[in-house]
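*Asks:* Take a look at protein.txt, compact mmCIF, C-alpha atoms:
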# COMPACT_ATOMS: atom_id res chain seq x y z
CA MET A 13 0.00 0.00 0.00
CA ARG A 14 1.32 3.42 -0.95
CA TRP A 15 1.37 6.32 1.46
CA LEU A 16 2.02 10.00 1.16
CA ALA A 17 3.39 12.00 4.03
CA GLU A 18 4.08 15.68 4.56
CA VAL A 19 6.79 16.21 7.14
CA HIS A 20 7.22 19.63 8.73
CA VAL A 21 10.67 20.29 10.16
CA ARG A 22 11.11 23.34 12.38
CA LEU A 23 13.66 24.79 14.71
CA GLN A 24 12.80 23.99 18.31
CA PRO A 25 10.88 26.70 20.17
CA GLY A 26 13.29 29.12 21.80
CA ILE A 27 16.05 28.80 19.18
CA ALA A 28 16.53 32.08 17.34
CA ASP A 29 15.15 31.85 13.79
CA PRO A 30 16.62 34.78 11.83
CA GLU A 31 14.84 33.70 8.65
CA GLY A 32 11.46 33.83 10.40
CA GLN A 33 12.35 37.17 11.99
CA THR A 34 13.29 38.62 8.60
CA ILE A 35 10.01 37.45 7.07
CA ALA A 36 8.09 38.90 10.02
CA GLY A 37 9.88 42.22 9.43
CA GLY A 38 8.85 42.10 5.76
CA LEU A 39 5.23 41.50 6.66
CA ARG A 40 5.25 44.37 9.16
CA SER A 41 6.77 46.73 6.62
CA LEU A 42 3.89 45.82 4.29
CA GLY A 43 1.49 47.05 6.94
CA PHE A 44 0.68 43.73 8.62
CA ASP A 45 1.81 45.27 11.86
CA THR A 46 -0.02 42.80 14.07
CA VAL A 47 2.39 40.03 13.04
CA SER A 48 4.42 39.24 16.13
CA GLU A 49 6.11 36.01 15.10
CA VAL A 50 7.05 33.98 12.02
CA ARG A 51 8.88 30.67 12.29
CA ALA A 52 10.36 29.29 9.06
CA GLY A 53 10.72 25.59 8.44
CA LYS A 54 10.95 22.88 5.83
CA LEU A 55 8.20 20.89 4.18
CA LEU A 56 9.16 17.44 2.88
CA ARG A 57 6.70 15.40 0.83
CA LEU A 58 7.36 11.65 0.87
CA GLY A 59 5.79 8.77 -1.05
CA PHE A 60 6.50 5.27 0.22
CA GLU A 61 5.18 1.74 0.58
CA ALA A 62 3.99 0.22 3.85
CA PRO A 63 1.50 -2.59 4.54
CA ASP A 64 -0.73 -0.55 6.88
CA ARG A 65 -1.00 2.72 8.75
CA ALA A 66 0.82 1.49 11.84
CA ALA A 67 3.78 0.37 9.75
CA ALA A 68 3.76 3.66 7.80
CA GLU A 69 3.77 5.66 11.04
CA ALA A 70 6.58 3.56 12.46
CA ALA A 71 8.64 4.07 9.31
CA LEU A 72 8.02 7.83 9.34
CA THR A 73 9.00 8.12 12.98
CA GLU A 74 12.24 6.33 12.24
CA MET A 75 12.96 8.43 9.12
CA CYS A 76 12.45 11.61 11.13
CA ARG A 77 14.60 10.41 14.00
CA ARG A 78 17.49 9.17 11.88
CA LEU A 79 17.70 11.75 9.12
CA LEU A 80 14.92 14.21 8.41
CA ALA A 81 15.25 16.25 11.62
CA ASN A 82 18.19 16.83 13.91
CA PRO A 83 16.88 16.44 17.46
CA VAL A 84 19.62 18.76 18.74
CA MET A 85 17.80 21.76 17.29
CA GLU A 86 14.73 20.68 15.33
CA THR A 87 11.31 19.12 15.74
CA ALA A 88 9.37 17.16 13.13
CA ASP A 89 5.67 16.45 12.83
CA TRP A 90 3.77 14.99 9.92
CA GLU A 91 0.49 14.31 8.19
CA LEU A 92 0.03 10.92 6.61
CA ARG A 93 -2.53 9.63 4.17
CA ALA A 94 -3.05 6.72 1.82
CA GLU A 95 -2.15 7.72 -1.73
CA ASP A 96 -5.67 7.21 -3.12
CA ASP A 97 -7.05 9.84 -0.74
CA ALA A 98 -4.24 12.16 -1.66
CA LEU A 99 -4.80 11.72 -5.38
CA THR A 100 -8.49 12.48 -4.93
CA GLU A 101 -7.61 15.67 -3.15
CA ALA A 102 -4.96 16.65 -5.67
CA SER A 103 -7.37 16.33 -8.61
CA ALA A 104 -10.20 18.19 -6.87
CA MET B 4 62.27 10.79 1.37
CA SER B 5 59.00 9.78 2.91
CA ARG B 6 56.69 12.49 4.06
CA TRP B 7 55.22 12.47 7.56
CA PRO B 8 52.70 12.52 9.08
CA ARG B 9 50.26 10.82 6.75
CA VAL B 10 46.93 12.62 6.79
CA ALA B 11 43.73 11.28 5.26
CA VAL B 12 41.71 14.11 3.70
CA VAL B 13 38.11 12.98 3.24
CA VAL B 14 36.45 14.17 0.04
CA PHE B 15 32.66 14.22 -0.27
CA PRO B 16 30.77 15.29 -3.38
CA GLY B 17 30.80 19.07 -2.90
CA THR B 18 33.89 19.32 -0.67
CA TRP B 19 35.86 22.39 -1.72
CA SER B 20 38.79 22.76 0.68
CA ASP B 21 40.47 19.41 0.03
CA ARG B 22 42.94 20.99 -2.43
CA ASP B 23 43.72 23.71 0.11
CA PHE B 24 44.52 21.03 2.66
CA ALA B 25 46.70 19.24 0.11
CA HIS B 26 48.55 22.51 -0.43
CA ALA B 27 48.91 22.96 3.34
CA ALA B 28 50.28 19.42 3.64
CA GLU B 29 52.76 20.16 0.86
CA LEU B 30 54.04 23.22 2.73
CA LEU B 31 54.25 21.27 6.00
CA GLY B 32 56.06 18.35 4.39
CA TRP B 33 53.16 16.03 5.20
CA GLU B 34 51.67 13.33 3.04
CA ALA B 35 48.03 14.03 2.22
CA ARG B 36 45.94 11.14 0.95
CA MET B 37 42.59 12.00 -0.56
CA VAL B 38 39.93 9.52 0.54
CA TRP B 39 36.67 9.44 -1.40
CA HIS B 40 33.64 9.36 0.88
CA ALA B 41 32.42 6.05 -0.55
CA GLU B 42 35.54 4.24 0.70
CA ALA B 43 34.82 2.09 3.74
CA GLU B 44 38.40 2.08 5.03
CA LEU B 45 40.93 4.76 5.85
CA PRO B 46 44.49 4.19 4.53
CA ASP B 47 46.04 3.76 8.01
CA PRO B 48 46.55 7.50 8.58
CA ASP B 49 48.19 9.35 11.47
CA ALA B 50 45.37 11.91 11.36
CA VAL B 51 42.09 12.54 9.55
CA VAL B 52 40.85 15.84 8.14
CA LEU B 53 37.27 16.63 7.15
CA PRO B 54 37.63 19.75 4.96
CA GLY B 55 35.18 22.53 4.29
CA GLY B 56 32.72 22.67 1.45
CA PHE B 57 29.13 21.73 0.80
CA ALA B 58 29.07 17.95 1.10
CA HIS B 59 26.12 16.51 -0.81
CA GLY B 60 25.05 20.08 -1.60
CA ASP B 61 24.24 20.77 2.07
CA HIS B 62 20.79 19.41 1.25
CA LEU B 63 18.36 18.87 4.10
CA ARG B 64 20.94 20.20 6.61
CA THR B 65 24.67 20.79 6.44
CA GLY B 66 26.39 17.46 7.06
CA ALA B 67 23.11 15.53 7.33
CA ILE B 68 23.74 13.25 4.35
CA ALA B 69 27.54 13.18 4.66
CA ARG B 70 27.36 11.57 8.08
CA PHE B 71 25.98 8.43 6.45
CA SER B 72 28.76 8.15 3.85
CA PRO B 73 30.58 4.80 4.22
CA VAL B 74 33.87 6.46 5.24
CA MET B 75 32.26 8.04 8.30
CA ARG B 76 32.10 4.73 10.14
CA SER B 77 35.89 4.47 9.89
CA VAL B 78 36.29 8.12 10.87
CA ALA B 79 34.14 7.51 13.97
CA SER B 80 36.22 4.44 14.96
CA PHE B 81 39.46 6.34 14.36
CA ALA B 82 38.20 9.18 16.57
CA ALA B 83 36.93 6.79 19.26
CA ALA B 84 40.38 5.14 19.36
CA GLY B 85 41.96 8.52 20.13
CA GLY B 86 43.18 9.31 16.61
CA PRO B 87 43.49 13.02 15.79
CA VAL B 88 40.59 14.31 13.71
CA LEU B 89 40.11 17.86 12.48
CA GLY B 90 36.83 19.05 10.99
CA SER B 91 36.91 22.55 9.55
CA CYS B 92 33.78 24.43 8.50
CA ASN B 93 31.62 21.83 6.71
CA GLY B 94 33.80 19.21 8.40
CA PHE B 95 32.73 20.63 11.79
CA GLN B 96 29.10 20.50 10.68
CA ILE B 97 29.53 16.85 9.67
CA LEU B 98 31.14 15.96 13.02
CA THR B 99 28.17 17.44 14.92
CA GLU B 100 25.63 15.70 12.68
CA ALA B 101 27.50 12.43 13.27
CA GLY B 102 27.35 13.00 17.03
CA ILE B 103 31.16 12.90 17.30
CA LEU B 104 30.98 16.46 18.64
CA PRO B 105 27.99 17.94 20.50
CA GLY B 106 25.71 20.73 19.30
CA ALA B 107 24.80 21.96 15.83
CA LEU B 108 25.68 24.76 13.40
CA LEU B 109 22.71 26.92 12.35
CA ARG B 110 22.13 29.69 9.80
CA ASN B 111 24.20 32.78 10.60
CA ASP B 112 22.06 35.17 12.62
CA HIS B 113 22.31 37.89 9.92
CA LEU B 114 21.51 35.34 7.15
CA GLU B 115 24.57 36.38 5.13
CA PHE B 116 27.36 34.17 3.89
CA ARG B 117 30.41 35.58 5.67
CA CYS B 118 33.82 35.33 4.00
CA ASP B 119 36.49 37.29 5.85
CA TRP B 120 39.52 37.15 8.11
CA GLN B 121 38.42 36.58 11.67
CA SER B 122 40.18 37.08 14.98
CA LEU B 123 39.97 34.22 17.44
CA ARG B 124 41.06 33.75 21.03
CA VAL B 125 42.85 30.51 21.84
CA GLU B 126 41.12 29.34 25.01
CA ARG B 127 43.08 26.13 25.37
CA ALA B 128 46.42 25.53 23.68
CA ALA B 129 46.57 21.76 24.02
CA GLY B 130 46.08 18.56 22.07
CA PRO B 131 46.96 17.53 18.54
CA TRP B 132 45.65 20.65 16.81
CA LEU B 133 46.34 23.54 19.19
CA GLY B 134 49.43 22.55 21.17
CA GLU B 135 51.74 24.89 19.26
CA LEU B 136 49.59 27.93 20.00
CA GLU B 137 49.62 30.00 23.16
CA GLN B 138 46.84 30.05 25.69
CA GLY B 139 44.97 33.37 25.50
CA GLU B 140 46.63 34.59 22.31
CA THR B 141 44.61 36.11 19.48
CA ILE B 142 45.07 34.48 16.09
CA SER B 143 43.59 35.29 12.71
CA LEU B 144 42.06 32.74 10.32
CA PRO B 145 39.69 33.00 7.37
CA ILE B 146 36.04 32.12 7.84
CA SER B 147 33.78 31.26 4.93
CA HIS B 148 30.31 30.05 5.86
CA GLY B 149 26.59 30.70 5.87
CA GLU B 150 25.80 28.23 8.65
CA GLY B 151 28.23 28.74 11.48
CA ARG B 152 26.03 29.74 14.41
CA TYR B 153 27.02 27.27 17.10
CA TYR B 154 24.08 26.04 19.12
CA ALA B 155 23.75 23.58 21.97
CA GLU B 156 21.50 23.35 25.00
CA GLU B 157 22.56 25.43 28.00
CA SER B 158 23.49 22.31 29.95
CA VAL B 159 25.75 21.15 27.09
CA LEU B 160 27.36 24.60 26.85
CA ASP B 161 28.00 24.62 30.60
CA GLU B 162 29.57 21.17 30.40
CA LEU B 163 31.80 22.27 27.49
CA GLU B 164 32.97 25.29 29.50
CA ARG B 165 33.45 23.32 32.70
CA THR B 166 35.66 20.77 30.95
CA SER B 167 37.61 23.43 28.96
CA ARG B 168 36.40 22.08 25.65
CA VAL B 169 35.61 25.47 24.14
CA VAL B 170 39.02 25.98 22.55
CA LEU B 171 38.44 28.89 20.14
CA ARG B 172 36.18 31.94 20.48
CA TYR B 173 35.42 34.73 18.03
CA THR B 174 36.89 38.07 19.06
CA ASP B 175 37.81 41.39 17.48
CA ALA B 176 41.42 42.14 16.60
CA ALA B 177 42.04 43.41 20.14
CA GLY B 178 40.87 40.09 21.59
CA SER B 179 37.52 41.37 22.86
CA LEU B 180 34.31 39.34 22.61
CA GLU B 181 32.17 42.48 22.57
CA GLY B 182 30.43 44.40 19.78
CA ASP B 183 30.51 42.88 16.32
CA ALA B 184 33.26 40.39 17.18
CA ASN B 185 30.91 37.42 16.80
CA PRO B 186 30.45 36.92 13.03
CA ASN B 187 27.47 34.56 13.09
CA GLY B 188 25.61 34.67 16.40
CA SER B 189 27.28 31.59 17.87
CA LEU B 190 26.27 30.99 21.47
CA ARG B 191 29.04 32.10 23.83
CA SER B 192 31.07 33.15 20.75
CA ILE B 193 32.10 29.53 20.18
CA ALA B 194 34.27 29.04 17.08
CA GLY B 195 35.79 25.67 17.95
CA ILE B 196 35.32 22.79 20.39
CA VAL B 197 36.98 19.47 21.12
CA ASN B 198 35.59 16.11 22.23
CA GLU B 199 36.08 14.71 25.75
CA ARG B 200 39.49 13.24 25.00
CA GLY B 201 40.61 16.32 23.11
CA ASN B 202 41.65 14.41 19.99
CA VAL B 203 38.79 15.68 17.79
CA LEU B 204 38.66 19.38 16.94
CA GLY B 205 35.76 21.02 15.14
CA LEU B 206 36.13 24.66 14.11
CA MET B 207 34.36 26.93 11.66
CA PRO B 208 37.51 28.82 10.51
CA HIS B 209 39.86 27.51 7.81
CA PRO B 210 43.44 26.98 9.10
CA GLU B 211 44.44 25.51 5.71
CA ARG B 212 43.84 28.91 4.10
CA ALA B 213 46.23 30.73 6.44
CA MET B 214 49.52 29.07 5.55
CA GLU B 215 51.50 31.93 4.02
CA ALA B 216 52.00 35.59 4.91
CA GLU B 217 51.53 36.37 1.20
CA VAL B 218 47.85 35.41 1.39
CA GLY B 219 47.17 37.24 4.61
CA GLY B 220 48.58 35.21 7.46
CA SER B 221 50.18 32.00 8.65
CA ASP B 222 48.42 31.21 11.94
CA GLY B 223 46.88 28.19 10.24
CA LEU B 224 50.37 26.81 9.65
CA ARG B 225 51.17 27.16 13.36
CA LEU B 226 47.90 25.47 14.29
CA LEU B 227 48.38 22.50 11.98
CA ARG B 228 52.03 22.16 12.94
CA SER B 229 50.82 21.17 16.42
CA LEU B 230 50.03 17.72 15.11
CA GLU B 231 53.66 16.72 14.62
CA ARG B 232 54.82 17.26 18.19
CA TRP B 233 51.66 15.71 19.56
CA LEU B 234 52.14 12.57 17.47
CA VAL B 235 55.75 12.22 18.59
CA ALA B 236 54.66 12.51 22.22
CA GLN B 237 52.03 9.77 21.88
CA PRO B 238 53.29 6.35 22.90
CA ALA B 239 49.86 4.98 22.02
CA VAL B 240 49.91 6.16 18.43
CA SER B 241 51.28 2.95 17.01
CA GLU B 242 49.28 0.82 19.47
CA ARG B 243 45.96 2.25 18.38
CA ARG B 244 46.49 0.78 14.98
CA PRO B 245 44.84 -2.61 14.56
As a first step, turn the structure in this file into structure tokens.

*Replies:*
Amino acid sequence: MRWLAEVHVRLQPGIADPEGQTIAGGLRSLGFDTVSEVRAGKLLRLGFEAPDRAAAEAALTEMCRRLLANPVMETADWELRAEDDALTEASA
Amino acid sequence: MSRWPRVAVVVFPGTWSDRDFAHAAELLGWEARMVWHAEAELPDPDAVVLPGGFAHGDHLRTGAIARFSPVMRSVASFAAAGGPVLGSCNGFQILTEAGILPGALLRNDHLEFRCDWQSLRVERAAGPWLGELEQGETISLPISHGEGRYYAEESVLDELERTSRVVLRYTDAAGSLEGDANPNGSLRSIAGIVNERGNVLGLMPHPERAMEAEVGGSDGLRLLRSLERWLVAQPAVSERRP
């Protein structure tokens, strides 16, 4: 069974994010002066095979832990769906 | 005449300072052996260098893919056995990703790539890579990086300080940490650290690009020269070989 995942990798809360701060400054200079915080991150889209949801989640957890995020300074969370659902959404 | 010591210079796809290290080795009278990252074994070196560059394009994170290159298992064993390892710039980033050194290197706080000569204070003149320098002296080495902001948890930083493992700090030319001395926002102005045993040095500056007064300075030559005396003083050097 084929799965699609979107993994969001971010700097841990509390670690200075100059990219986010710069974007926040840009928004404020456009007049969005209520913007108090922007945190930048990475979005990774993965397609992979796994027999069921539990196996897919286990694989994703391991991929995040071993490579996709560095636990020293990052966090990772993800959304996971079976590819058929995703294709339906993509063609809508 | 055989050249000594023999230094393995690891080359990843995207490494850019390997030739500079080869040039440094030439000036020092050392033998530099280039080792492609896909090699599983090191050629029985006296020391290992991970040069600067953009290994694997710095994709995902600096050093994130390089740490899984086959050669890194041998580098980790060599380091664990007490062998001298130097990681400069991207090499430092790879050593932290591999967990051989603690912490991580993040985007410079000003988001610029910074390429300049940088003053550094020698906090601890000991070990294979710093023994020829003087404690407390200010040296000058080139920096060339976009991701050099050293980060680690407070408890890790405290432990590094307590055990005198912060060996290089960014300063201005007068040796002060204040003002704009810190070129990237590194916590506690950290430019270089060593592992518990002191045999592995990670630093953001490039000693291999400061070998000749004609190009701006030769403090890198003094730093690298440390290796020779350290090796001679190590009775265990030959024993650590399998």

*Asks:* Would you list which chain B residues are within 12 Å of chain A using only C-alpha atoms, as a ChimeraX atom specification?

*Replies:* /B:62-71,96,99-102,104-115,150,152-157,159,187-190

*Asks:* Only C-alpha atoms, please: the residues just picked out, written as a PDB file, in the coordinates of the input.

*Replies:*
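Here's the written file again_17.pdb:
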ATOM      1  CA  HIS B  62      20.790  19.410   1.250  1.00  0.00           C
ATOM      2  CA  LEU B  63      18.360  18.870   4.100  1.00  0.00           C
ATOM      3  CA  ARG B  64      20.940  20.200   6.610  1.00  0.00           C
ATOM      4  CA  THR B  65      24.670  20.790   6.440  1.00  0.00           C
ATOM      5  CA  GLY B  66      26.390  17.460   7.060  1.00  0.00           C
ATOM      6  CA  ALA B  67      23.110  15.530   7.330  1.00  0.00           C
ATOM      7  CA  ILE B  68      23.740  13.250   4.350  1.00  0.00           C
ATOM      8  CA  ALA B  69      27.540  13.180   4.660  1.00  0.00           C
ATOM      9  CA  ARG B  70      27.360  11.570   8.080  1.00  0.00           C
ATOM     10  CA  PHE B  71      25.980   8.430   6.450  1.00  0.00           C
ATOM     11  CA  GLN B  96      29.100  20.500  10.680  1.00  0.00           C
ATOM     12  CA  THR B  99      28.170  17.440  14.920  1.00  0.00           C
ATOM     13  CA  GLU B 100      25.630  15.700  12.680  1.00  0.00           C
ATOM     14  CA  ALA B 101      27.500  12.430  13.270  1.00  0.00           C
ATOM     15  CA  GLY B 102      27.350  13.000  17.030  1.00  0.00           C
ATOM     16  CA  LEU B 104      30.980  16.460  18.640  1.00  0.00           C
ATOM     17  CA  PRO B 105      27.990  17.940  20.500  1.00  0.00           C
ATOM     18  CA  GLY B 106      25.710  20.730  19.300  1.00  0.00           C
ATOM     19  CA  ALA B 107      24.800  21.960  15.830  1.00  0.00           C
ATOM     20  CA  LEU B 108      25.680  24.760  13.400  1.00  0.00           C
ATOM     21  CA  LEU B 109      22.710  26.920  12.350  1.00  0.00           C
ATOM     22  CA  ARG B 110      22.130  29.690   9.800  1.00  0.00           C
ATOM     23  CA  ASN B 111      24.200  32.780  10.600  1.00  0.00           C
ATOM     24  CA  ASP B 112      22.060  35.170  12.620  1.00  0.00           C
ATOM     25  CA  HIS B 113      22.310  37.890   9.920  1.00  0.00           C
ATOM     26  CA  LEU B 114      21.510  35.340   7.150  1.00  0.00           C
ATOM     27  CA  GLU B 115      24.570  36.380   5.130  1.00  0.00           C
ATOM     28  CA  GLU B 150      25.800  28.230   8.650  1.00  0.00           C
ATOM     29  CA  ARG B 152      26.030  29.740  14.410  1.00  0.00           C
ATOM     30  CA  TYR B 153      27.020  27.270  17.100  1.00  0.00           C
ATOM     31  CA  TYR B 154      24.080  26.040  19.120  1.00  0.00           C
ATOM     32  CA  ALA B 155      23.750  23.580  21.970  1.00  0.00           C
ATOM     33  CA  GLU B 156      21.500  23.350  25.000  1.00  0.00           C
ATOM     34  CA  GLU B 157      22.560  25.430  28.000  1.00  0.00           C
ATOM     35  CA  VAL B 159      25.750  21.150  27.090  1.00  0.00           C
ATOM     36  CA  ASN B 187      27.470  34.560  13.090  1.00  0.00           C
ATOM     37  CA  GLY B 188      25.610  34.670  16.400  1.00  0.00           C
ATOM     38  CA  SER B 189      27.280  31.590  17.870  1.00  0.00           C
ATOM     39  CA  LEU B 190      26.270  30.990  21.470  1.00  0.00           C
TER      40      LEU B 190
END

*Asks:* Please measure the separation of CA of Gly26 (chain A) and CA of Asp45 (chain A), giving the value in Å to one decimal.

*Replies:*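 Computing it gives 22.2 Å between the two atoms.
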
*Asks:* Find the distance between CA of Leu39 (chain A) and CA of His20 (chain A) and write it in Å to one decimal.

*Replies:*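 About the pair CA of Leu39 (chain A) and CA of His20 (chain A): they are 22.1 Å apart.
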
*Asks:* Report as a ChimeraX atom specification all protein, DNA and RNA residues lying within 10 Å of region 136-140 of chain B, evaluated on all atoms listed in the file, omitting residues in the same chain fewer than 2 positions from it.

*Replies:* /B:123-129,132-134,142,170-171,178,222,225-229

*Asks:* Would you write out those residues with C-alpha atoms, as a PDB file, keeping the file's coordinate frame?

*Replies:*
ATOM      1  CA  LEU B 123      39.970  34.220  17.440  1.00  0.00           C
ATOM      2  CA  ARG B 124      41.060  33.750  21.030  1.00  0.00           C
ATOM      3  CA  VAL B 125      42.850  30.510  21.840  1.00  0.00           C
ATOM      4  CA  GLU B 126      41.120  29.340  25.010  1.00  0.00           C
ATOM      5  CA  ARG B 127      43.080  26.130  25.370  1.00  0.00           C
ATOM      6  CA  ALA B 128      46.420  25.530  23.680  1.00  0.00           C
ATOM      7  CA  ALA B 129      46.570  21.760  24.020  1.00  0.00           C
ATOM      8  CA  TRP B 132      45.650  20.650  16.810  1.00  0.00           C
ATOM      9  CA  LEU B 133      46.340  23.540  19.190  1.00  0.00           C
ATOM     10  CA  GLY B 134      49.430  22.550  21.170  1.00  0.00           C
ATOM     11  CA  ILE B 142      45.070  34.480  16.090  1.00  0.00           C
ATOM     12  CA  VAL B 170      39.020  25.980  22.550  1.00  0.00           C
ATOM     13  CA  LEU B 171      38.440  28.890  20.140  1.00  0.00           C
ATOM     14  CA  GLY B 178      40.870  40.090  21.590  1.00  0.00           C
ATOM     15  CA  ASP B 222      48.420  31.210  11.940  1.00  0.00           C
ATOM     16  CA  ARG B 225      51.170  27.160  13.360  1.00  0.00           C
ATOM     17  CA  LEU B 226      47.900  25.470  14.290  1.00  0.00           C
ATOM     18  CA  LEU B 227      48.380  22.500  11.980  1.00  0.00           C
ATOM     19  CA  ARG B 228      52.030  22.160  12.940  1.00  0.00           C
ATOM     20  CA  SER B 229      50.820  21.170  16.420  1.00  0.00           C
TER      21      SER B 229
END

*Asks:* Leaving out region 160-169 of chain B and any residue of its chain fewer than 6 positions from it, which residues lie within 8 Å of it when counting only C-alpha atoms, given as a VMD selection string?

*Replies:* chain B and resid 126 to 127 193 195 to 199 201

*Asks:* Excluding Pro46 (chain B) and its own-chain neighbours fewer than 3 positions away, which residues fall within 9 Å of it when counting only C-alpha atoms? Please give them as a list in words.

*Replies:*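 Neighbouring residues, sequence-local ones excluded: Ala11, Arg36 and Val38 of chain B.
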
*Asks:* May I ask for the distance between CA of Ala36 (chain A) and CA of Arg22 (chain A), given in Å to one decimal place?

*Replies:*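 Taking CA of Ala36 (chain A) as the start and CA of Arg22 (chain A) as the end point, the length is 16.0 Å.
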
*Asks:* Counting only C-alpha atoms, note down every residue that has an atom within 8 Å of the point (-0.4, 9.7, 6.8) (file coordinates), as a list in words.

*Replies:*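 Residues close enough to count: Trp15, Leu16, Ala17, Glu18, Arg65, Ala68, Glu69, Trp90, Glu91, Leu92, Arg93 and Ala94 of chain A.
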
*Asks:* Considering all atoms listed in the file, return as a PDB file with C-alpha atoms, keeping the file's coordinate frame whatever protein or nucleic-acid residues lie within 10 Å of Ile146 (chain B), sequence-local ones (same chain, fewer than 6 positions apart) excluded.

*Replies:*
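File produced: part.pdb:
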ATOM      1  CA  SER B  91      36.910  22.550   9.550  1.00  0.00           C
ATOM      2  CA  CYS B  92      33.780  24.430   8.500  1.00  0.00           C
ATOM      3  CA  PHE B 116      27.360  34.170   3.890  1.00  0.00           C
ATOM      4  CA  ARG B 117      30.410  35.580   5.670  1.00  0.00           C
ATOM      5  CA  CYS B 118      33.820  35.330   4.000  1.00  0.00           C
ATOM      6  CA  ASP B 119      36.490  37.290   5.850  1.00  0.00           C
ATOM      7  CA  TRP B 120      39.520  37.150   8.110  1.00  0.00           C
ATOM      8  CA  GLN B 121      38.420  36.580  11.670  1.00  0.00           C
ATOM      9  CA  SER B 122      40.180  37.080  14.980  1.00  0.00           C
ATOM     10  CA  PRO B 186      30.450  36.920  13.030  1.00  0.00           C
ATOM     11  CA  ALA B 194      34.270  29.040  17.080  1.00  0.00           C
ATOM     12  CA  LEU B 206      36.130  24.660  14.110  1.00  0.00           C
ATOM     13  CA  MET B 207      34.360  26.930  11.660  1.00  0.00           C
ATOM     14  CA  PRO B 208      37.510  28.820  10.510  1.00  0.00           C
ATOM     15  CA  HIS B 209      39.860  27.510   7.810  1.00  0.00           C
ATOM     16  CA  PRO B 210      43.440  26.980   9.100  1.00  0.00           C
ATOM     17  CA  ARG B 212      43.840  28.910   4.100  1.00  0.00           C
TER      18      ARG B 212
END

*Asks:* Using all atoms listed in the file, which protein or nucleic acid residues come within 8 Å of region 74-80 of chain B? Drop anything in the same chain fewer than 6 positions from it, and give the result as a list of chain:residue names.

*Replies:* B:Trp39, B:His40, B:Ala41, B:Glu42, B:Ala43, B:Glu44, B:Leu45, B:Val51, B:Ile103
